[in-house]
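Chemist: Below are the structure tokens for one structure; questions will follow.
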Amino acid sequence: MCLHGTPCRWCSGDDGRVDSRTVYVGHRSPPGSDTHIVQKFCSNRIVSSKYTLWNFLPKNLFEQFRRIANFYFLIIFLVQVIVDTPTSPVTSGLPLFFVITVTAVKQGYEDWLRHKADKEVNESTVYVVENKKLVEKECQVIKVGDIVQVTEDLVFPCDLILLSTSREEGVCYVTTASLDGESNHKTYYAVSDTMKLSTDEEVGAVNATIECEQPQSDLYKFVGRMHIYGDTHEPVARSLGPENLLLKGATLKNTKKIYGVAVYTGMETKMALNYQGKSQKRSVVEKSINSFLLVYLFLLLSKAVVCTTLKYVWQTKFFLDEVWYNRPVKKDTNQFLHMFTDFLSFMVLFNFIIPVSMYVTVEMQKFFGSFFISWDEEMYDEKIQEGALVNTSDLNEELGQVEYVFTDKTGTLTENNMEFIECCIDGYRYSHKDPFTEVDGFCSTDGPITKLYGRAEKEREELFLRALCLCHTVEINEEDQPDRPTKNDNCRTYISSSPDEIALVKGAEKYGFSFIGRENNYLKIQNRSNETEWYQLLHILNFDPVRRRMSVIVKMQSGSIVLICKGADSSIIPRVKQDHVEEIKRHVECNALDGYRTLCVAYRELEQDEYNVMDSQLNEAKLALHERDRKMSEVYDTIETDMQLIGATAVEDKLQEQAAETIEALHEAGIKVWVLTGDKMETAKSTCYASRLFRNDTELLELTTKTTGDVDRKEERLHELLREFHKTLMQGITNHRQGSRKSWMSVKEYGLIIDGSTLSLILNPEDDRQSTQHRMLFLQICQKCTAVLCCRMAPLQKAQIVRMVKNTKGRPITLSVGDGANDVSMILEAHVGIGIKGKEGRQAARNSDYAILKFKHLRKLILVHGHLFYVRIAHLVQYFFYKNLCFILPQFLYQFFCGFSQQPLYDAAYLTMYNICFTSLPILAYSLLEQRTSIERLSTEFKLYKNISNNALLQWKPFLYWTSLGLYEGLVFFFGAYSVIRNSALGDNGQVFGNWTFGTLIFTILVFTVTVKLALDTRYWTWLNHLVIWGSLAFYVFFSFFWGGIIWPFIKQQRMYFVFAHMLTSVSVWLTIILLIFVSLLPDILVTVFKNSREAQHQKVQKDSVSSRSSARPLLLRTFSDESNVV
């Protein structure tokens, strides 16, 4: 069985050999070899569970005791068991047992669900071809090399190489929604030599071997080759790529059946490798808790040291230690051992100052609190019937501390819903308006940018439109209208992984050229005369983000061979002849300024001999097992040269609803927004203006290839620009400070634009000595700009930008948001990763901490949910430390009055249940439901987010305030109760109160005070708050009567018998409880009243200043207007 997370070494087959494996199809030996070495591969049994029945207890306990607080309380418990301590081991053992049990039950239940799911998958039925017959088996017994049959709408049981399908063209359609979230149909291709095999006998007779790479997690990468043995001993080699690999978890669609050979099974499938855990992110609250824990640990040690020291000082005084009615006590010979055990005893006595139950409460608060995000109706999309998704609840409060937001552009700020706008052919502009009222769908009055009227030659027009219909990876989805012919426009539905390609194909369709499908490696086009044209598809040079282009090689009906290429202008224009380049380039720049996405289209006619060389180079690179991507890229570079530019296209990607308002809200909240995109600068800049990232009065600073100049002195020019921009920004800040008294003056805003190549110079300069200086200047410039645009960014550069900001001084909290696979790296790098369930698949959503439907939902997620989560958990943490200090301080003071004899002040039952029962539920309910500021106000007054920035509520100042409050209240509890007991308060029967009554009185005041304080802090009351607050107090009273009202047979000393009931018979006790609760809470009440009055006064001043500013502005505007008219 494979362990969870990584494949077994003894299952991995070739791990000890090389980085490839050989698979024998159907377990048949190749001709010429009688036997072959049977390799051991992982079984197809899926194990996603973490525990087994036998290792659950030891493994879970080991993991839980790795947490410092749990391990600390385990040590305390062992000390209580071994050493003669003043308190029972139950007092620390029971809370620890409760914490460990709750966590173990939660983790055990989750693992049981995983076991249940694994069993369902492993025992599902599959069909395997054995001895040319179809055999029914369980999924878990599939072996590498088995030939598996899968029918329509079933899930692939392992990773399969597609041998044949029920479709004549040898293709099948698959949905990979469970892997990457993409619900559209993807096309996969059978190996050409086996695609015609349609029966079990034919498939079972295949004699072939597959060489492929070892398992790796990349869903979109696969390298292999297949050797097919025929009548001769010389095998035929065929290359295998990701288009031939059917992944486990994907579903077969629109295809009756397929046959495939298993290459990766079980925990070695790409799906299993992708579900391994991501790196653990820790929130800033956890770090604050650890810091506060160290302070309280220091207080605990200090108390233990002080009490141990004073105990032995006490014992040096004979008449204090040896009372007259006792016999003299024999002194210990081993004084140091006795002192050490006393020290441990005091540690045990005061150990409740460390709030172990706080960790459980925090976990529960995060877990239950995450449901509020999922349940938010404003973040729910009716169209797709989905809402926000929480992938991890550990970072809820981190949403309230965000300082930088890094966002993608396409599909995140924009809709990723492409619409064809216009095109340019040989410098002539064609703008589509209404194809039914214009000749051939072109607007004859729309001239090119460089000419007023005219149009390109008809041959060039048709060549351009044919290029749009041929150079793509679009497929026709026939499932929607199966009864109608595909050529009918009403039923034709295009599917593709890129919305741009669909927009271009639809754009060509508007102008009379329609793509009507593929058939047996032929592309079919319907021209303006409604004639069908056939083009043989020879090769596809796939798109990749490095080349930023794609190409096809097709054979025309005339027999000529043509290379057609489309891509970004920066990757196409350097590779074409310079005919009409300047005119088309100006058209592209004009479209980019309008905010359109642009692509250039080029072609090249190939001679037969020239194509033969290319064909051999491509086939050789495709068959390579090692460094196939590099070799393919080198061949692509040699092929895609010396082309002729035909024209360019402009596609509009509209801004998402409320994207601009969301960015404005984030700016107002003090959050800096950076846009990281792969688009060209002009397009991205236009989007930034439309989304109000840049304002009209924003001064833009550019660090691009245009501003850095020549290649020879790029680094020198870059250094000059960095110094110049830094000086400009520093002068702007100085001028603003000097004029800050004039409140009506607007602050000068600066924006920065940088491209990928310039960023590479900053991060990876040729001279390492300049690296630190460049990076420091660049960071200082970025931090002083209100917005930053990074264009032409590769995915890795996006992650580098996030990492650079994240590691700056002060460690600001970063958030990345994106919708595509190219955004995954920056999502994983940021403190908080947000994925948008977009049209580029669900890779970003799968790898994120939170997934949302639209960019506008980010506003509520951060400024409302994030604000509430942070305020709630900050109060929870401070409250836990405060109430435990109130709890233990009287115990410490009591030692000064009992000769440091380690006499406990509270009964063992109270010690045990204080954090578990009496005070736990009120703070949990508070941390889930409290709204100190209403949601309506948080949704409109975005500046409130600044009040909690920089971890404001968990800094040392509020921590010291809560600690001082705890010290004060602890002193009031002890000395207030002491003054009553000291005055010989008597019950009705004349009985004097004893030490257990004294402790019970203090404990009663303590429980009521800390609970009433939480009630005073509550601003948003619900029935649940009332239930847990008043219910906890009622439970304490009931428990005290119950615990002291029965003689328990299993307890030797009935020291609490009737103590609580007897205590309440005294009127002075009632008055003391009420008075001390009021005196304890009085300072906090006064501070709260003072803060509220100051806040109300501040709001009034703000309103007055706004009204006076609004009345003054018309006069100022009129004065400036008049002055400008005079000039």
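All residue names refer to the structure tokens as shown: chains lettered A, B, ... in order, residues numbered from 1 in each chain, ligands numbered from 1 in order.
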Quick check for you: according to DSSP on this backbone, which residues of region 832-1032 of chain A are classed as helix (DSSP H, G or I)? Reply as an MDAnalysis selection string.
Modeler: chainID A and resid 843:846 857:897 908:918 920:929 935:938 942:948 952:954 956:982 995:1017 1023:1032
Chemist: For Ala117 (chain A), list every protein, DNA or RNA residue within 10 Å, evaluated using only C-alpha atoms, and leave out those in the same chain fewer than 4 positions away; present the list as a short mmCIF file (atom, residue, chain, number, x, y, z; two decimals) with all heavy atoms, in the first residue's frame.
Modeler:
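part-v7.cif, written as the output of this step:
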```cif
data_model
loop_
_atom_site.label_atom_id
_atom_site.label_comp_id
_atom_site.auth_asym_id
_atom_site.auth_seq_id
_atom_site.Cartn_x
_atom_site.Cartn_y
_atom_site.Cartn_z
N ILE A 46 -6.21 3.74 -4.28
CA ILE A 46 -6.09 5.13 -3.86
C ILE A 46 -6.13 5.20 -2.33
O ILE A 46 -7.02 4.62 -1.69
CB ILE A 46 -7.23 5.98 -4.45
CG1 ILE A 46 -6.99 6.21 -5.94
CG2 ILE A 46 -7.35 7.31 -3.74
CD1 ILE A 46 -5.81 7.09 -6.25
N VAL A 47 -5.17 5.88 -1.75
CA VAL A 47 -5.14 6.06 -0.29
C VAL A 47 -4.97 7.56 -0.02
O VAL A 47 -3.87 8.09 -0.05
CB VAL A 47 -3.98 5.27 0.35
CG1 VAL A 47 -4.02 5.44 1.86
CG2 VAL A 47 -4.05 3.80 -0.02
N SER A 48 -6.08 8.22 0.22
CA SER A 48 -6.02 9.65 0.57
C SER A 48 -6.14 9.86 2.07
O SER A 48 -6.00 10.98 2.55
CB SER A 48 -7.14 10.41 -0.15
OG SER A 48 -8.40 9.95 0.28
N SER A 49 -6.42 8.80 2.81
CA SER A 49 -6.57 8.91 4.25
C SER A 49 -5.21 9.06 4.92
O SER A 49 -4.19 8.64 4.37
CB SER A 49 -7.30 7.69 4.82
OG SER A 49 -6.64 6.50 4.44
N ASP A 111 -10.96 11.90 8.59
CA ASP A 111 -10.22 10.81 7.97
C ASP A 111 -11.15 9.64 7.64
O ASP A 111 -10.95 8.94 6.64
CB ASP A 111 -9.10 10.34 8.90
CG ASP A 111 -7.98 9.65 8.15
OD1 ASP A 111 -7.37 10.33 7.29
OD2 ASP A 111 -7.73 8.46 8.39
N TRP A 112 -12.18 9.43 8.46
CA TRP A 112 -13.15 8.38 8.16
C TRP A 112 -13.89 8.69 6.86
O TRP A 112 -14.15 7.78 6.06
CB TRP A 112 -14.15 8.25 9.31
CG TRP A 112 -15.24 7.25 9.03
CD1 TRP A 112 -15.15 5.89 9.08
CD2 TRP A 112 -16.57 7.56 8.63
NE1 TRP A 112 -16.36 5.32 8.74
CE2 TRP A 112 -17.26 6.31 8.45
CE3 TRP A 112 -17.27 8.75 8.40
CZ2 TRP A 112 -18.58 6.25 8.06
CZ3 TRP A 112 -18.59 8.66 8.02
CH2 TRP A 112 -19.24 7.44 7.84
N LEU A 113 -14.20 9.95 6.63
CA LEU A 113 -14.84 10.34 5.37
C LEU A 113 -13.91 10.06 4.19
O LEU A 113 -14.37 9.62 3.12
CB LEU A 113 -15.22 11.82 5.41
CG LEU A 113 -16.32 12.22 6.38
CD1 LEU A 113 -16.54 13.73 6.35
CD2 LEU A 113 -17.62 11.50 6.08
N VAL A 121 -14.20 4.46 -4.44
CA VAL A 121 -13.44 4.51 -5.70
C VAL A 121 -12.72 3.19 -5.96
O VAL A 121 -12.75 2.65 -7.08
CB VAL A 121 -12.42 5.68 -5.65
CG1 VAL A 121 -11.49 5.63 -6.86
CG2 VAL A 121 -13.15 7.01 -5.60
N ASN A 122 -12.07 2.66 -4.95
CA ASN A 122 -11.25 1.45 -5.15
C ASN A 122 -12.08 0.23 -5.51
O ASN A 122 -11.60 -0.66 -6.22
CB ASN A 122 -10.46 1.16 -3.87
CG ASN A 122 -9.37 2.18 -3.62
OD1 ASN A 122 -8.81 2.73 -4.56
ND2 ASN A 122 -9.06 2.43 -2.36
#
```
Chemist: Find, counting only C-alpha atoms, the residue in A:Met1056, A:Ile836, A:Cys212, A:Leu1024 that gets nearest to Phe1039 (chain A).
Modeler: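 Going through A:Met1056, A:Ile836, A:Cys212, A:Leu1024 one by one, the smallest distance to Phe1039 (chain A) is for A:Met1056.
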Chemist: Taking the DSSP assignment computed from this structure's backbone, write out as a list in words all residues of region 802-915 of chain A that belong to strand (DSSP E or B).
Modeler: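 Everything in region 802-915 of chain A that counts as strand (DSSP E or B) is Thr814, Leu815, Ser816, Val817, Gly818, Val832, Gly833, Ile834, Gly835, Ile836, Gly838, Gly841, Tyr850, Ala851 and Ile852 of chain A.
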Chemist: Would you save the residues from that selection as a PDB file, in the first residue's frame, using N, CA, C and O atoms?
Modeler:
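Full text of part34.pdb as output:
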```
ATOM      1  N   THR A 814       0.267  40.446   2.173  1.00  0.00           N
ATOM      2  CA  THR A 814      -0.035  40.524   0.742  1.00  0.00           C
ATOM      3  C   THR A 814      -1.197  39.590   0.395  1.00  0.00           C
ATOM      4  O   THR A 814      -1.396  38.557   1.028  1.00  0.00           O
ATOM      5  N   LEU A 815      -1.946  39.989  -0.631  1.00  0.00           N
ATOM      6  CA  LEU A 815      -3.049  39.178  -1.143  1.00  0.00           C
ATOM      7  C   LEU A 815      -2.967  39.167  -2.659  1.00  0.00           C
ATOM      8  O   LEU A 815      -2.808  40.218  -3.282  1.00  0.00           O
ATOM      9  N   SER A 816      -3.038  37.991  -3.254  1.00  0.00           N
ATOM     10  CA  SER A 816      -3.014  37.861  -4.714  1.00  0.00           C
ATOM     11  C   SER A 816      -4.347  37.307  -5.181  1.00  0.00           C
ATOM     12  O   SER A 816      -4.907  36.404  -4.556  1.00  0.00           O
ATOM     13  N   VAL A 817      -4.826  37.845  -6.302  1.00  0.00           N
ATOM     14  CA  VAL A 817      -6.104  37.391  -6.853  1.00  0.00           C
ATOM     15  C   VAL A 817      -5.937  37.189  -8.351  1.00  0.00           C
ATOM     16  O   VAL A 817      -5.365  38.029  -9.051  1.00  0.00           O
ATOM     17  N   GLY A 818      -6.402  36.037  -8.834  1.00  0.00           N
ATOM     18  CA  GLY A 818      -6.302  35.726 -10.258  1.00  0.00           C
ATOM     19  C   GLY A 818      -7.281  34.634 -10.616  1.00  0.00           C
ATOM     20  O   GLY A 818      -7.914  34.029  -9.756  1.00  0.00           O
ATOM     21  N   VAL A 832      -2.240  35.573   1.471  1.00  0.00           N
ATOM     22  CA  VAL A 832      -3.609  35.115   1.211  1.00  0.00           C
ATOM     23  C   VAL A 832      -3.788  35.024  -0.290  1.00  0.00           C
ATOM     24  O   VAL A 832      -3.498  35.982  -1.014  1.00  0.00           O
ATOM     25  N   GLY A 833      -4.246  33.872  -0.762  1.00  0.00           N
ATOM     26  CA  GLY A 833      -4.470  33.670  -2.186  1.00  0.00           C
ATOM     27  C   GLY A 833      -5.954  33.580  -2.496  1.00  0.00           C
ATOM     28  O   GLY A 833      -6.677  32.797  -1.887  1.00  0.00           O
ATOM     29  N   ILE A 834      -6.424  34.406  -3.450  1.00  0.00           N
ATOM     30  CA  ILE A 834      -7.829  34.413  -3.846  1.00  0.00           C
ATOM     31  C   ILE A 834      -7.907  33.950  -5.297  1.00  0.00           C
ATOM     32  O   ILE A 834      -7.251  34.509  -6.172  1.00  0.00           O
ATOM     33  N   GLY A 835      -8.714  32.926  -5.530  1.00  0.00           N
ATOM     34  CA  GLY A 835      -8.940  32.455  -6.890  1.00  0.00           C
ATOM     35  C   GLY A 835     -10.323  32.845  -7.361  1.00  0.00           C
ATOM     36  O   GLY A 835     -11.293  32.796  -6.598  1.00  0.00           O
ATOM     37  N   ILE A 836     -10.409  33.252  -8.617  1.00  0.00           N
ATOM     38  CA  ILE A 836     -11.707  33.587  -9.210  1.00  0.00           C
ATOM     39  C   ILE A 836     -12.124  32.436 -10.114  1.00  0.00           C
ATOM     40  O   ILE A 836     -11.345  31.976 -10.948  1.00  0.00           O
ATOM     41  N   GLY A 838     -13.197  31.482 -12.964  1.00  0.00           N
ATOM     42  CA  GLY A 838     -13.351  32.181 -14.226  1.00  0.00           C
ATOM     43  C   GLY A 838     -13.468  31.251 -15.411  1.00  0.00           C
ATOM     44  O   GLY A 838     -13.667  30.042 -15.286  1.00  0.00           O
ATOM     45  N   GLY A 841     -10.667  28.268 -16.536  1.00  0.00           N
ATOM     46  CA  GLY A 841     -10.545  27.057 -15.723  1.00  0.00           C
ATOM     47  C   GLY A 841     -10.575  27.380 -14.245  1.00  0.00           C
ATOM     48  O   GLY A 841     -10.770  28.526 -13.834  1.00  0.00           O
ATOM     49  N   TYR A 850      -9.117  31.115  -0.766  1.00  0.00           N
ATOM     50  CA  TYR A 850     -10.535  31.462  -0.896  1.00  0.00           C
ATOM     51  C   TYR A 850     -10.850  31.600  -2.378  1.00  0.00           C
ATOM     52  O   TYR A 850     -10.007  32.092  -3.145  1.00  0.00           O
ATOM     53  N   ALA A 851     -12.026  31.171  -2.780  1.00  0.00           N
ATOM     54  CA  ALA A 851     -12.444  31.298  -4.179  1.00  0.00           C
ATOM     55  C   ALA A 851     -13.722  32.113  -4.236  1.00  0.00           C
ATOM     56  O   ALA A 851     -14.664  31.873  -3.466  1.00  0.00           O
ATOM     57  N   ILE A 852     -13.748  33.099  -5.145  1.00  0.00           N
ATOM     58  CA  ILE A 852     -14.917  33.959  -5.309  1.00  0.00           C
ATOM     59  C   ILE A 852     -15.332  33.941  -6.773  1.00  0.00           C
ATOM     60  O   ILE A 852     -14.602  33.436  -7.639  1.00  0.00           O
TER      61      ILE A 852
END
```
Chemist: Closest to Ser374 (chain A) among A:Arg167, A:Arg1055, A:His857, A:Lys946, using only C-alpha atoms?
Modeler: A:His857
Chemist: Which residues come within 8 Å of region 745-760 of chain A, counting only C-alpha atoms, excluding same-chain residues fewer than 3 positions away, as a ChimeraX atom specification?
Modeler: /A:681,694,697-705,708,729,732,736,739-740,742,763-765,782,784-794,797
Chemist: Can you spit out the residues from that selection as an mmCIF file, in the first residue's frame, using N, CA and C atoms?
Modeler:
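Output file part-v3.cif follows:
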```cif
data_model
loop_
_atom_site.group_PDB
_atom_site.id
_atom_site.type_symbol
_atom_site.label_atom_id
_atom_site.label_comp_id
_atom_site.auth_asym_id
_atom_site.auth_seq_id
_atom_site.Cartn_x
_atom_site.Cartn_y
_atom_site.Cartn_z
ATOM 1 N N MET A 681 1.621 46.985 -22.679
ATOM 2 C CA MET A 681 1.495 48.128 -21.784
ATOM 3 C C MET A 681 0.299 49.014 -22.133
ATOM 4 N N PHE A 694 -5.518 54.128 -12.055
ATOM 5 C CA PHE A 694 -4.893 55.421 -12.355
ATOM 6 C C PHE A 694 -5.992 56.449 -12.542
ATOM 7 N N ASP A 697 -5.343 62.698 -12.976
ATOM 8 C CA ASP A 697 -4.280 63.563 -12.467
ATOM 9 C C ASP A 697 -3.100 62.770 -11.903
ATOM 10 N N THR A 698 -3.110 61.435 -12.097
ATOM 11 C CA THR A 698 -1.996 60.613 -11.615
ATOM 12 C C THR A 698 -0.794 60.788 -12.530
ATOM 13 N N GLU A 699 0.346 61.122 -11.941
ATOM 14 C CA GLU A 699 1.574 61.249 -12.724
ATOM 15 C C GLU A 699 2.217 59.869 -12.844
ATOM 16 N N LEU A 700 2.392 59.418 -14.105
ATOM 17 C CA LEU A 700 2.895 58.069 -14.356
ATOM 18 C C LEU A 700 4.402 58.071 -14.550
ATOM 19 N N LEU A 701 5.051 57.148 -13.883
ATOM 20 C CA LEU A 701 6.493 56.944 -14.028
ATOM 21 C C LEU A 701 6.701 55.613 -14.757
ATOM 22 N N GLU A 702 7.423 55.641 -15.880
ATOM 23 C CA GLU A 702 7.568 54.440 -16.705
ATOM 24 C C GLU A 702 8.973 53.868 -16.611
ATOM 25 N N LEU A 703 9.034 52.559 -16.346
ATOM 26 C CA LEU A 703 10.285 51.808 -16.406
ATOM 27 C C LEU A 703 10.070 50.670 -17.400
ATOM 28 N N THR A 704 10.168 50.994 -18.683
ATOM 29 C CA THR A 704 9.921 50.014 -19.734
ATOM 30 C C THR A 704 11.074 50.022 -20.727
ATOM 31 N N THR A 705 10.992 49.128 -21.698
ATOM 32 C CA THR A 705 12.053 49.067 -22.716
ATOM 33 C C THR A 705 12.125 50.367 -23.518
ATOM 34 N N THR A 708 14.170 52.734 -21.099
ATOM 35 C CA THR A 708 15.558 52.334 -20.790
ATOM 36 C C THR A 708 16.481 52.472 -21.990
ATOM 37 N N LEU A 729 9.733 61.569 -6.265
ATOM 38 C CA LEU A 729 8.779 61.157 -5.228
ATOM 39 C C LEU A 729 9.109 61.780 -3.881
ATOM 40 N N GLY A 732 8.021 65.326 -3.906
ATOM 41 C CA GLY A 732 6.570 65.419 -3.806
ATOM 42 C C GLY A 732 6.087 65.245 -2.377
ATOM 43 N N HIS A 736 4.296 68.086 -0.030
ATOM 44 C CA HIS A 736 2.993 67.800 0.591
ATOM 45 C C HIS A 736 3.032 68.087 2.089
ATOM 46 N N GLY A 739 2.903 71.777 2.720
ATOM 47 C CA GLY A 739 1.593 72.370 2.466
ATOM 48 C C GLY A 739 0.459 71.661 3.152
ATOM 49 N N SER A 740 0.797 70.817 4.136
ATOM 50 C CA SER A 740 -0.242 70.003 4.778
ATOM 51 C C SER A 740 -1.217 70.830 5.586
ATOM 52 N N LYS A 742 -2.759 73.341 4.581
ATOM 53 C CA LYS A 742 -3.869 73.720 3.703
ATOM 54 C C LYS A 742 -4.648 72.446 3.382
ATOM 55 N N LEU A 763 15.841 42.617 -10.935
ATOM 56 C CA LEU A 763 15.976 41.451 -10.072
ATOM 57 C C LEU A 763 17.218 40.627 -10.383
ATOM 58 N N ASN A 764 17.619 40.589 -11.662
ATOM 59 C CA ASN A 764 18.767 39.762 -12.062
ATOM 60 C C ASN A 764 19.718 40.558 -12.951
ATOM 61 N N PRO A 765 20.371 41.585 -12.411
ATOM 62 C CA PRO A 765 21.291 42.370 -13.229
ATOM 63 C C PRO A 765 22.584 41.602 -13.509
ATOM 64 N N CYS A 782 8.116 52.034 -5.426
ATOM 65 C CA CYS A 782 6.824 51.346 -5.429
ATOM 66 C C CYS A 782 6.011 51.670 -4.180
ATOM 67 N N LYS A 784 5.990 54.312 -2.448
ATOM 68 C CA LYS A 784 5.522 55.694 -2.417
ATOM 69 C C LYS A 784 4.508 55.987 -3.519
ATOM 70 N N CYS A 785 4.299 55.018 -4.432
ATOM 71 C CA CYS A 785 3.293 55.178 -5.488
ATOM 72 C C CYS A 785 1.954 54.645 -4.995
ATOM 73 N N THR A 786 0.877 55.288 -5.440
ATOM 74 C CA THR A 786 -0.455 54.829 -5.037
ATOM 75 C C THR A 786 -0.878 53.579 -5.791
ATOM 76 N N ALA A 787 -0.323 53.369 -6.999
ATOM 77 C CA ALA A 787 -0.683 52.187 -7.787
ATOM 78 C C ALA A 787 0.490 51.806 -8.680
ATOM 79 N N VAL A 788 0.594 50.502 -8.961
ATOM 80 C CA VAL A 788 1.688 49.994 -9.798
ATOM 81 C C VAL A 788 1.099 49.060 -10.847
ATOM 82 N N LEU A 789 1.550 49.213 -12.091
ATOM 83 C CA LEU A 789 1.159 48.329 -13.180
ATOM 84 C C LEU A 789 2.392 47.601 -13.694
ATOM 85 N N CYS A 790 2.361 46.274 -13.640
ATOM 86 C CA CYS A 790 3.445 45.444 -14.163
ATOM 87 C C CYS A 790 2.900 44.703 -15.378
ATOM 88 N N CYS A 791 3.389 45.023 -16.564
ATOM 89 C CA CYS A 791 2.884 44.403 -17.785
ATOM 90 C C CYS A 791 3.951 43.503 -18.405
ATOM 91 N N ARG A 792 3.515 42.690 -19.363
ATOM 92 C CA ARG A 792 4.395 41.710 -20.015
ATOM 93 C C ARG A 792 5.070 40.809 -18.979
ATOM 94 N N MET A 793 4.289 40.392 -17.981
ATOM 95 C CA MET A 793 4.841 39.578 -16.895
ATOM 96 C C MET A 793 4.678 38.093 -17.191
ATOM 97 N N ALA A 794 5.752 37.336 -16.990
ATOM 98 C CA ALA A 794 5.660 35.879 -17.001
ATOM 99 C C ALA A 794 5.129 35.416 -15.648
ATOM 100 N N GLN A 797 7.576 35.712 -12.848
ATOM 101 C CA GLN A 797 7.852 37.092 -12.446
ATOM 102 C C GLN A 797 6.758 37.635 -11.526
#
```
Chemist: Which of these, A:Met195, A:Ile981, A:Val1028, A:Ala908, has the shortest distance to Val171 (chain A) once you count only C-alpha atoms?
Modeler: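 Residue with the minimum atom-to-atom distance to Val171 (chain A): A:Met195.
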Chemist: Quick one: of A:Val1087, A:Glu657, A:Glu664, A:Val356, who's nearest to Leu94 (chain A), counting only C-alpha atoms?
Modeler: A:Val356
Chemist: Name all residues at most 9 Å from Thr165 (chain A) (count only C-alpha atoms; drop same-chain ones fewer than 4 positions away) and give them as a list in words.
Modeler: Glu169, Gly170, Val171, Cys172, Tyr189, Ala190, Met195, Lys196, Leu197, Ser198, Thr255, Lys256, Lys257, Ile258, Tyr259 and Gly260 of chain A
Chemist: Those same residues, written as a compact mmCIF listing (two decimals), in the first residue's frame with N, CA, C and O atoms?
Modeler:
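What follows is the written file part-v6.txt:
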```
# COMPACT_ATOMS: atom_id res chain seq x y z
N GLU A 169 -12.76 9.47 -36.55
CA GLU A 169 -11.58 10.34 -36.64
C GLU A 169 -10.57 10.08 -35.54
O GLU A 169 -9.51 10.72 -35.50
N GLY A 170 -10.87 9.14 -34.63
CA GLY A 170 -9.90 8.77 -33.59
C GLY A 170 -9.76 9.80 -32.49
O GLY A 170 -8.68 9.92 -31.90
N VAL A 171 -10.82 10.55 -32.21
CA VAL A 171 -10.77 11.53 -31.13
C VAL A 171 -11.83 11.19 -30.10
O VAL A 171 -12.77 10.43 -30.37
N CYS A 172 -11.67 11.72 -28.90
CA CYS A 172 -12.72 11.62 -27.88
C CYS A 172 -12.81 12.95 -27.16
O CYS A 172 -11.85 13.74 -27.16
N TYR A 189 -6.61 12.76 -28.63
CA TYR A 189 -6.37 12.07 -29.88
C TYR A 189 -5.77 10.69 -29.63
O TYR A 189 -4.86 10.54 -28.80
N ALA A 190 -6.26 9.68 -30.37
CA ALA A 190 -5.70 8.34 -30.30
C ALA A 190 -4.42 8.27 -31.13
O ALA A 190 -4.21 9.08 -32.04
N MET A 195 -5.79 3.83 -33.97
CA MET A 195 -7.07 4.51 -33.87
C MET A 195 -8.21 3.74 -34.53
O MET A 195 -9.38 3.93 -34.20
N LYS A 196 -7.90 2.83 -35.48
CA LYS A 196 -8.95 2.09 -36.18
C LYS A 196 -9.38 0.82 -35.45
O LYS A 196 -10.34 0.17 -35.87
N LEU A 197 -8.70 0.46 -34.38
CA LEU A 197 -9.04 -0.76 -33.65
C LEU A 197 -10.33 -0.54 -32.87
O LEU A 197 -10.41 0.35 -32.03
N SER A 198 -11.34 -1.39 -33.13
CA SER A 198 -12.66 -1.11 -32.55
C SER A 198 -13.22 -2.24 -31.70
O SER A 198 -14.22 -2.06 -31.02
N THR A 255 -18.73 10.49 -26.58
CA THR A 255 -18.01 9.39 -27.23
C THR A 255 -18.50 8.09 -26.58
O THR A 255 -18.50 7.98 -25.35
N LYS A 256 -18.91 7.12 -27.40
CA LYS A 256 -19.53 5.90 -26.85
C LYS A 256 -18.56 5.10 -26.01
O LYS A 256 -18.90 4.65 -24.91
N LYS A 257 -17.33 4.90 -26.49
CA LYS A 257 -16.35 4.14 -25.70
C LYS A 257 -14.95 4.44 -26.21
O LYS A 257 -14.76 4.91 -27.33
N ILE A 258 -13.98 4.14 -25.36
CA ILE A 258 -12.57 4.27 -25.74
C ILE A 258 -11.80 3.09 -25.15
O ILE A 258 -12.24 2.44 -24.20
N TYR A 259 -10.64 2.81 -25.75
CA TYR A 259 -9.69 1.86 -25.18
C TYR A 259 -8.41 2.62 -24.87
O TYR A 259 -7.94 3.43 -25.69
N GLY A 260 -7.86 2.35 -23.71
CA GLY A 260 -6.62 3.01 -23.32
C GLY A 260 -5.75 2.07 -22.51
O GLY A 260 -6.25 1.14 -21.86
```
Chemist: Can you tell me which residues surround Val191 (chain A) at a distance of at most 8 Å, considering only C-alpha atoms, apart from same-chain residues fewer than 4 positions away, and format the answer as a list in words?
Modeler: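 The contact residues come out as Leu162, Leu163, Ser164, Gly170, Met195, Arg238, Leu240 and Asn244 of chain A.
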